[in-house]
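Trainee: Have a look at this one.
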Amino acid sequence: MKTYKLFLIAFFTAALAFAQQADYTKEPGYFSFDKLMNYKSGDLITEVYLEEPLIKMVAKMAEGEKEGVGEAIDALKLIRVNEFMVEKNDIEKIEKEMASLDGNLQTQKWSRIIKTKKKDNYANVYVKSGGANEYVGLLIAAIDKEGKVTLVNIVGRIDLDTIGKVSKELNLPHMNKE
Amino acid sequence: MKRKKSFEINDKLIDKIISAAYGDANIFDKLEVYFKARNNNEVKRLLDSYRATAEEVHQLGEEEYEDRSIHFRGTQNGIVEESYNSFITDFLTIIFSRSTASLAVTIFIIAAVVATLFVYRPQEQKYSQQEIQIADRQTRKALAIVGKIFNQTQSTLEKEVLSERVAKPIREGIGIVNYLFNQGTKQ
């Protein structure tokens, strides 16, 4: 009886310990947007949050489309996109926040690969290296003149070349209007 | 003359005598040993002998040793080996010296393997076709947003940076050359 109880306790403890959902926040390529999200006014314009199991299903669908696309998507663990508006008064504040973030990211071994700042437009792209010629995280922080903030975080093994090609070839009409 | 009762002093009786001497025996054994000791000199002698030893044993106090002396232990061969006084060693000793703890750990490991194999499975079957299609659209949208930012930065580089900072000075330079060239041909 004692052994039986012990087995049940051990089983449920182990089941809980091992059946937990993956914690993406511990991934090296993960970045929390929370600080920047505080400036959000109104609803999110775009919210994408895709976890590994679903991404794998999408990758299967994409396998036949173009060489390397399925594989590139399959290697991803998390895709997060948040687009939202900020008040006009807050544009300058969030730009400052992004500038401060820029310093922090670089101390956390994120490498900035693109930095653009022209009139009322600000966009930074970072990658996190996971070893030789391999990236484990992609981060984009951008704001345009209307105050639309775009935050993207892709976690997983990132093939920049394929993702770059796929991104440019994707046909989303509303994207091209801008 | 009253004869003293004779009986065999066997191992069982000796165990009872030892227990009585050390004070571990139950009340019936104590009484049995007590009466037998009264009637039998050999039993009495044994009891007295064990009592004396027990007293000596009980008088032994705890002694403190330096950590260093605990770290080293001698083997039967006289070779001194170093034992590691680490947390892991202590932990393993606790686990394996107690059968319950050892059993619990074994069960936990088995349960972990079972749970991993049967409980934690990829959630592939959990998604409906519609959910996958939505995810597909969202993935494309996310990548399109990435592409848009890349395109914007590329166009900024080509149109503004290159034209303003490179092409303009080149144009001006060519203008100066043309001007000088024209001036030269006029003269």
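Residues in the structure tokens are named by chain (A, B, ... in the order shown) and by number from 1 within that chain; ligands are numbered from 1 in the order shown.
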Which chain B residues are at most 8 Å from chain A (counting only C-alpha atoms), as an mmCIF file with C-alpha atoms, in the first residue's frame?

Mentor:
```
data_model
loop_
_atom_site.group_PDB
_atom_site.id
_atom_site.type_symbol
_atom_site.label_atom_id
_atom_site.label_comp_id
_atom_site.auth_asym_id
_atom_site.auth_seq_id
_atom_site.Cartn_x
_atom_site.Cartn_y
_atom_site.Cartn_z
ATOM 1 C CA ALA B 104 11.279 6.635 -4.114
ATOM 2 C CA ILE B 107 10.081 5.086 -8.821
ATOM 3 C CA PHE B 108 10.560 8.763 -9.677
ATOM 4 C CA ILE B 109 13.009 7.892 -12.450
ATOM 5 C CA ALA B 111 7.716 7.562 -13.613
ATOM 6 C CA ALA B 112 9.687 10.334 -15.311
ATOM 7 C CA ALA B 115 5.584 10.436 -18.196
ATOM 8 C CA THR B 116 7.988 11.635 -20.862
ATOM 9 C CA VAL B 119 2.168 12.036 -21.108
ATOM 10 C CA TYR B 120 4.405 14.632 -22.784
ATOM 11 C CA PRO B 122 4.182 16.624 -29.220
ATOM 12 C CA GLN B 123 0.917 18.446 -29.516
ATOM 13 C CA GLU B 124 0.619 17.776 -33.211
ATOM 14 C CA TYR B 127 -4.622 21.421 -33.778
ATOM 15 C CA ILE B 132 -3.119 25.371 -38.809
ATOM 16 C CA GLN B 133 -4.360 27.550 -41.669
ATOM 17 C CA ALA B 135 -1.083 29.797 -38.096
ATOM 18 C CA ASP B 136 0.122 29.577 -41.687
ATOM 19 C CA GLN B 138 0.161 34.428 -39.270
ATOM 20 C CA THR B 139 3.577 32.998 -40.097
ATOM 21 C CA ARG B 140 3.403 34.561 -43.551
ATOM 22 C CA LYS B 141 2.288 37.843 -42.054
ATOM 23 C CA ALA B 142 5.120 37.790 -39.517
ATOM 24 C CA LEU B 143 7.664 37.063 -42.223
ATOM 25 C CA ALA B 144 6.110 39.701 -44.453
ATOM 26 C CA ILE B 145 6.538 42.261 -41.657
ATOM 27 C CA VAL B 146 10.184 41.218 -41.367
ATOM 28 C CA GLY B 147 10.496 41.572 -45.151
ATOM 29 C CA LYS B 148 8.842 44.995 -45.073
ATOM 30 C CA ILE B 149 11.339 46.271 -42.501
ATOM 31 C CA PHE B 150 14.217 44.810 -44.515
ATOM 32 C CA ASN B 151 12.870 46.467 -47.685
ATOM 33 C CA THR B 153 15.915 49.799 -44.610
ATOM 34 C CA THR B 156 16.575 54.015 -47.137
#
```

Trainee: Using backbone DSSP assignments, extract all strand (DSSP E) residues from range 5-164 of chain A; output them as an MDAnalysis selection string.

Mentor: chainID A and resid 40:51 76:86 110:118 121:131 134:143 148:158

Trainee: Just asking: which residues within range 73-170 of chain A are helix (DSSP H, G or I) according to DSSP, as number ranges by chain?

Mentor: A: 73-74, 88-107, 160-169

Trainee: Counting only C-alpha atoms, which of B:Ile110, B:Ala101, B:Ile9, B:Ile27 gets nearest to Asn40 in chain B?

Mentor: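 So, comparing all the options, the nearest one is B:Ile9.
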
Trainee: Hey, what's within 8 Å of range 47-49 of chain B if we count only C-alpha atoms and toss same-chain stuff fewer than 4 positions away? As a compact mmCIF listing (two decimals) with C-alpha atoms, in the first residue's frame, please?

Mentor:
```txt
# COMPACT_ATOMS: atom_id res chain seq x y z
CA ILE B 17 21.53 -11.90 29.03
CA ILE B 18 23.25 -9.36 26.77
CA ALA B 20 19.30 -7.44 29.93
CA ALA B 21 22.82 -6.23 30.66
CA ALA B 37 21.09 -15.60 37.45
CA VAL B 43 24.41 -17.09 34.21
CA THR B 53 31.01 -3.98 29.59
```

Trainee: What's the 12 Å shell around range 56-63 of chain B, counting only C-alpha atoms, without same-chain residues fewer than 4 positions away, as a PyMOL selection string?

Mentor: chain B and resi 21-23+49-52

Trainee: Just give me the gap between CA of Gly147 in chain A and CA of Phe31 in chain A in Å, one decimal is fine.

Mentor: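 A separation of 21.6 Å between them.
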